[in-house]
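Reviewing the structure listed below.
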Amino acid sequence: MEYFVQQLINGITLGSIYGLIAIGYTMVYGIIGMINFAHGDVFMVGAFLALIAFLVLVAIGITAVPLALLLVLLVSMALTALYGWTVERIAYRPLRQSFRLAPLISAIGMSIVLQNYVQVAQGARVKPLPPLIRGGYTVFEGNDFAVRLSNIQIIVVVATLIVMAGFSYLVARTRLGRNMRACEQDLKMAALSGIDVDRTISLTFVIGAALAAVAGLMFLLYYGVIDFFIGFLAGVKAFTAAVLGGIGSLPGAMLGGILIGLIETMWSAYFSIEYKDVAAFSILIIVLIFLPTGILGRPEVEKV
Amino acid sequence: MPRESEPFKPPALAAALKEAAIAAAIAFGLFVLMVGIKTDQGPTGALVITTRFGTVGVLVGGVFAGAFLRALFGARIKASFDFLIPTWRTIAAHIGPYVPALLLAFALIAPICFYAVGNRYLIDLGILIVTYTMLGLGLNIVVGLAGLLDLGYVAFYAVGAYSYALLAHHFGLSFWICLPVAGILAAFAGILLGFPVLRLRGDYLAIVTLGFGEIIRLILLNWQDLTGGPNGIVGIPGPSFFGLPFNSSEKGFAATFGIPFSPTQKYLYLYYVILALALLTNWVSLRLRRLPIGRAWEALREDEIACRALGINTTTTKLTAFAMGAMFGGFAGAFYATRQNFISPESFNFSESAFVLAIVVLGGMGSQLGVAVAATVMLGAFELLREFDQYRMLVFGAAMVAVMIYRPRGLVSARTPSVFLRRRKDVPPELVAEARTESPA
């Protein structure tokens, strides 16, 4: 029981990170109907930018952890958003009118570019960061197992909740959110009613990348080690989360993220850690066969 | 925008400067931390940073210059390219029919010349190019003809390679017996993948096939009892020539034919084996395109709903496409195992799938000649860029994006028409114009 609760906590923490990445996939898919294959790598870039920003802050003498964290978050969100914008501008916008698979292939190319760009710029070796936030609480103690809730887990979940709340407000209440929802329903009609579609799509990528940067920082803090290849697996799993929750649905992305995090953690805890990725991929296949619209998704009606 | 309406008049210098400045500012934002600060593990294991602002300056300057020139002369350069295209088309139309024959002759004769001058390196490169051509041709059936984007093609390559390696390792079966078996097993793997993804379209299909490829790789990596895990399988025997092995023994190939032994002979032989396999793949896919099933694939690529409406069984059509593509991947995999004498899951990761897909895409999806040209160009470029080892994947990814933007039909965009008229007829333009005016619409 205690062991299970501990895995539950770990799973939710991991799932929050997946959920933040999944939102980027689901938003882009909702609006322009393409899988932004490079999104996982944008997340990886976000983690690297956070790491570098940390080291720079330490070098110039800002070592108070809360202030440093806030500054790192802002810097990495801003710069990662710039990466998101650039990727869209270079690789996707010229392909709006192209054939169906063109943006996906272009996205695969962009993913390879980002990975190798980071590898060239920062080297292929893993980058460790000493734990910045230590300590935690013992929630309750069983017979011989203490359930621990570390401070970093609290920060990850709370930060995710705050970001989600802000983001939901943005989508539901602001002009930009309204434009985004309009574009999601019908690009052409949105353009006809005076919405700058290109700008809205760009901003969608910017917001998705900023959320991925938050996830990148959380990943860095939680695991303490990153390399240039983390984006691939995290990206595929986050996409799985988006599909599981119902692609195009924002609460669905978060829900799917937490489910995938839980499945992965539980699988590692009770079955085999080697096959945890196989479990995640199998879930993706099973969901697509039996529940192609996901848990909260709307059925897609195909018209000729 | 004035630039589009008057393509030959460069816009004002100020506008170009402004555009370039914005591009440079964005580039600065992108590069300042990622390139400007390098993190390395210091002596204590903690990360230390070193600055490289000079490199950032060079990059930002480059972006500024590039954007400035593009803003000033972009339209003019594009116009001159547009001018060149018809010229190129005329040239291509004249030499086009001879290109495949010339390439084939080169592929047949060149390795003997390399062998004569004792250049094993070029023969090895040839083997590599033809292997990827074959993989590209196999994937072309799935992606180019049937229009199903498969990101896990390397799984079938792996199934073929491991089939041969395990059969040879445990039962001592020879390459030529295992080759069809490997193909059949890979085809089964293709059907296995095909079943769950039948209902999926486009992007979903791509992600599921990617997941399938990763599952196969993870199983190969973790099922240590069978596959040897990350250590792979070593000592896979090479192929024999009608039972004659390629070694210096009395019964070897060289001794039997009374020629002096050279280790390069084996590679020359391997080259012709894979060339024959690739030609077989090419021939089969050419023939299949004339059969109802091939027509159904191409119809499926164009419009699935219309296909269903016309009574084409999309289930079997998709499954055969997967199975055929997978079978050729399996053949190539068995060949890979026998050439390397060693396989491990390392060789079958996603970047391999992406590479084969890039060959198909760059070749212009559906064009068989294009696949061969793209494989040659890409592997040739990889060899030339060997000194810049770090940068070649970067260039390769950028090339994929650039081809999608500038030449979405691929390098060789002339796709062979599916249906030929019995006799070539030139319809004079006057006739067409007349028909148009007379038509009631």
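Within each chain, counting starts at residue 1; across the structure tokens, chains are named A, B, ... in the order shown, with ligands numbered 1 upward in that order.
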
Show me, as a PyMOL selection string, the residues of chain A whose atoms get within 8 Å of chain B, using only C-alpha atoms for the distance check.
chain A and resi 34-35+48-49+52-53+55-56+79+82-83+91+94-95+98+100-114+116-118+120-122+127-130+236+274-275+277-278+281-282+284-285+288-289+304

Quick one: write out the picked residues with C-alpha atoms as a short mmCIF file (atom, residue, chain, number, x, y, z; two decimals), in the first residue's frame?
data_model
loop_
_atom_site.label_atom_id
_atom_site.label_comp_id
_atom_site.auth_asym_id
_atom_site.auth_seq_id
_atom_site.Cartn_x
_atom_site.Cartn_y
_atom_site.Cartn_z
CA MET A 34 -0.13 18.22 -38.13
CA ILE A 35 2.04 16.36 -35.66
CA PHE A 48 19.30 22.93 -22.10
CA LEU A 49 18.55 26.64 -22.04
CA ILE A 52 22.82 27.12 -19.25
CA ALA A 53 20.86 29.98 -17.71
CA LEU A 55 25.13 28.17 -14.79
CA VAL A 56 25.32 31.75 -16.04
CA LEU A 79 14.20 31.81 -25.60
CA LEU A 82 11.73 32.01 -29.88
CA TYR A 83 12.87 28.56 -31.02
CA ALA A 91 9.84 24.67 -41.60
CA PRO A 94 5.96 27.66 -46.28
CA LEU A 95 4.24 24.28 -46.41
CA SER A 98 1.67 21.63 -49.72
CA ARG A 100 -0.50 16.23 -46.68
CA LEU A 101 2.71 14.54 -45.57
CA ALA A 102 5.02 17.45 -46.36
CA PRO A 103 4.82 19.21 -42.95
CA LEU A 104 5.37 15.95 -41.11
CA ILE A 105 8.48 15.13 -43.13
CA SER A 106 9.70 18.67 -42.67
CA ALA A 107 9.08 18.31 -38.93
CA ILE A 108 11.17 15.13 -38.83
CA GLY A 109 13.95 17.05 -40.57
CA MET A 110 13.61 19.88 -38.05
CA SER A 111 13.77 17.40 -35.18
CA ILE A 112 17.04 16.00 -36.57
CA VAL A 113 18.36 19.55 -37.00
CA LEU A 114 17.56 20.56 -33.41
CA ASN A 116 22.27 17.73 -33.85
CA TYR A 117 22.45 21.46 -33.34
CA VAL A 118 22.41 20.96 -29.58
CA VAL A 120 27.28 20.26 -31.92
CA ALA A 121 26.86 23.28 -29.65
CA GLN A 122 26.95 21.54 -26.28
CA LYS A 127 24.94 17.21 -18.42
CA PRO A 128 24.49 16.76 -14.69
CA LEU A 129 23.18 19.49 -12.43
CA PRO A 130 23.57 19.14 -8.66
CA VAL A 236 6.73 10.32 -28.30
CA GLU A 274 13.46 -2.49 -19.18
CA TYR A 275 10.12 -2.69 -20.92
CA ASP A 277 8.97 2.24 -23.01
CA VAL A 278 7.46 -0.78 -24.72
CA PHE A 281 4.28 2.54 -27.07
CA SER A 282 1.87 -0.38 -26.73
CA LEU A 284 -0.38 4.27 -27.89
CA ILE A 285 -1.18 1.49 -30.35
CA LEU A 288 -5.52 4.23 -31.36
CA ILE A 289 -7.17 0.94 -32.21
CA VAL A 304 -15.43 14.47 -48.89
#

Residue with the minimum atom-to-atom distance to Met218 (chain A), picked from A:Ile154, A:Ala59, A:Leu296, A:Ala81 with only C-alpha atoms counted, is A:Ile154

So that I can see what lies close to region 135-149 of chain A, please list as a ChimeraX atom specification the residues with an atom at most 8 Å from it, counting only C-alpha atoms and leaving out residues fewer than 6 positions away in the same chain.
/A:2-3,5-6,9

Which polymer residues have any atom within 8 Å of an atom of region 312-315 of chain B, counting only C-alpha atoms, with same-chain residues fewer than 3 positions away left out, as a VMD selection string?
chain B and resid 198 296 300 304 307 to 309 318 to 319

Requested write-out: C-alpha atoms of the selected residues, as a PDB file, in the first residue's frame:
ATOM      1  CA  LEU B 198      -5.506  -0.357 -40.833  1.00  0.00           C
ATOM      2  CA  ALA B 296      -5.004  -0.068 -56.129  1.00  0.00           C
ATOM      3  CA  LEU B 300      -5.225   4.470 -52.242  1.00  0.00           C
ATOM      4  CA  GLU B 304      -8.884   6.442 -49.756  1.00  0.00           C
ATOM      5  CA  CYS B 307     -11.108   3.789 -53.316  1.00  0.00           C
ATOM      6  CA  ARG B 308     -13.695   2.411 -50.963  1.00  0.00           C
ATOM      7  CA  ALA B 309     -16.487   3.824 -53.062  1.00  0.00           C
ATOM      8  CA  LYS B 318      -2.815  -1.855 -47.251  1.00  0.00           C
ATOM      9  CA  LEU B 319      -1.709  -5.191 -45.867  1.00  0.00           C
TER      10      LEU B 319
END

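One finds CA of Phe188 (chain B) at 27.9 Å from CA of Gly364 (chain B).
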
Near-Gly224 (chain A) list (12 Å; only C-alpha atoms; drop same-chain fewer than 2 positions) as a ChimeraX atom specification
/A:47-48,50-51,126-134,152,216-222,226-227 /B:46

Could you tell me, as JSON, numbers by chain, which residues of region 69-152 of chain A DSSP assigns to strand (DSSP E) when given the backbone?
{"A": [127, 128, 136, 137, 138, 139, 140, 141, 146, 147, 148, 149, 150]}

Find the residues around Ala375 (chain B) up to 6 Å (only C-alpha atoms counted), leave out those fewer than 4 positions away in its own chain, and share them as a list in words.
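Counting only C-alpha atoms, the residues come to Ile129, Thr133, Ile359 and Leu379 of chain B.
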
Keeping C-alpha atoms for every residue in the selection just given, could you write it to a file as a JSON list (two decimals), in the first residue's frame?
[["chain", "number", "residue", "atom", "x", "y", "z"],
["B", 129, "ILE", "CA", 24.74, 2.75, -51.56],
["B", 133, "THR", "CA", 18.81, 1.95, -52.56],
["B", 359, "ILE", "CA", 16.01, 8.80, -49.42],
["B", 379, "LEU", "CA", 25.68, 8.57, -49.04]]

Between CA of Ala209 (chain A) and CA of Gly84 (chain A), what is the spacing in Å?
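Result for CA of Gly84 (chain A) versus CA of Ala209 (chain A): 5.2 Å, one decimal.
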
Applying 10 Å and only C-alpha atoms, which residues near Tyr132 (chain B) remain after dropping the ones on its own chain fewer than 6 positions away? List them as a ChimeraX atom specification.
/B:126,138,274,278,329,332,355-356,359,371-372,374-376,378-379

Would you save the residues of that selection, restricted to N, CA and C atoms, as a tab-separated table (two decimals), in the first residue's frame?
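Generated output (result-v8.tsv):
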chain	number	residue	atom	x	y	z
B	126	GLY	N	30.04	1.31	-52.53
B	126	GLY	CA	29.03	0.85	-53.49
B	126	GLY	C	28.03	-0.08	-52.82
B	138	GLY	N	12.17	-0.60	-51.24
B	138	GLY	CA	11.18	-1.32	-50.45
B	138	GLY	C	10.22	-0.37	-49.76
B	274	ILE	N	23.95	-7.81	-53.66
B	274	ILE	CA	22.98	-6.78	-53.28
B	274	ILE	C	22.47	-6.04	-54.50
B	278	ALA	N	18.63	-5.60	-55.32
B	278	ALA	CA	18.03	-4.29	-55.55
B	278	ALA	C	17.33	-4.26	-56.90
B	329	GLY	N	12.55	-5.18	-47.18
B	329	GLY	CA	13.36	-4.75	-46.03
B	329	GLY	C	14.02	-5.95	-45.37
B	332	ALA	N	16.98	-7.11	-47.41
B	332	ALA	CA	18.11	-6.20	-47.20
B	332	ALA	C	18.73	-6.44	-45.83
B	355	PHE	N	16.51	8.00	-42.12
B	355	PHE	CA	17.44	8.09	-43.24
B	355	PHE	C	16.84	7.47	-44.50
B	356	VAL	N	16.26	6.27	-44.35
B	356	VAL	CA	15.65	5.61	-45.51
B	356	VAL	C	14.47	6.43	-46.02
B	359	ILE	N	15.64	9.21	-48.06
B	359	ILE	CA	16.01	8.80	-49.42
B	359	ILE	C	14.77	8.77	-50.31
B	371	VAL	N	14.95	7.20	-56.14
B	371	VAL	CA	15.48	6.55	-54.95
B	371	VAL	C	16.96	6.25	-55.13
B	372	ALA	N	17.31	5.68	-56.30
B	372	ALA	CA	18.71	5.34	-56.55
B	372	ALA	C	19.57	6.59	-56.54
B	374	ALA	N	18.91	9.49	-55.10
B	374	ALA	CA	18.97	10.09	-53.77
B	374	ALA	C	19.91	9.30	-52.86
B	375	ALA	N	19.87	7.96	-52.94
B	375	ALA	CA	20.76	7.16	-52.11
B	375	ALA	C	22.21	7.48	-52.45
B	376	THR	N	22.51	7.58	-53.75
B	376	THR	CA	23.88	7.88	-54.17
B	376	THR	C	24.29	9.26	-53.68
B	378	MET	N	23.05	11.11	-51.23
B	378	MET	CA	23.14	11.27	-49.78
B	378	MET	C	24.34	10.55	-49.20
B	379	LEU	N	24.54	9.29	-49.62
B	379	LEU	CA	25.68	8.57	-49.04
B	379	LEU	C	26.99	9.14	-49.55

Could you please write out, as number ranges by chain, every residue of region 121-238 of chain A that DSSP assigns to helix (DSSP H, G or I)?
A: 121-122, 151-173, 175-185, 187-192, 197-223, 230-238

Å distance separating CA of Ser16 (chain A) from CA of His39 (chain A), one decimal place
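Computing it gives 16.5 Å between the two atoms.
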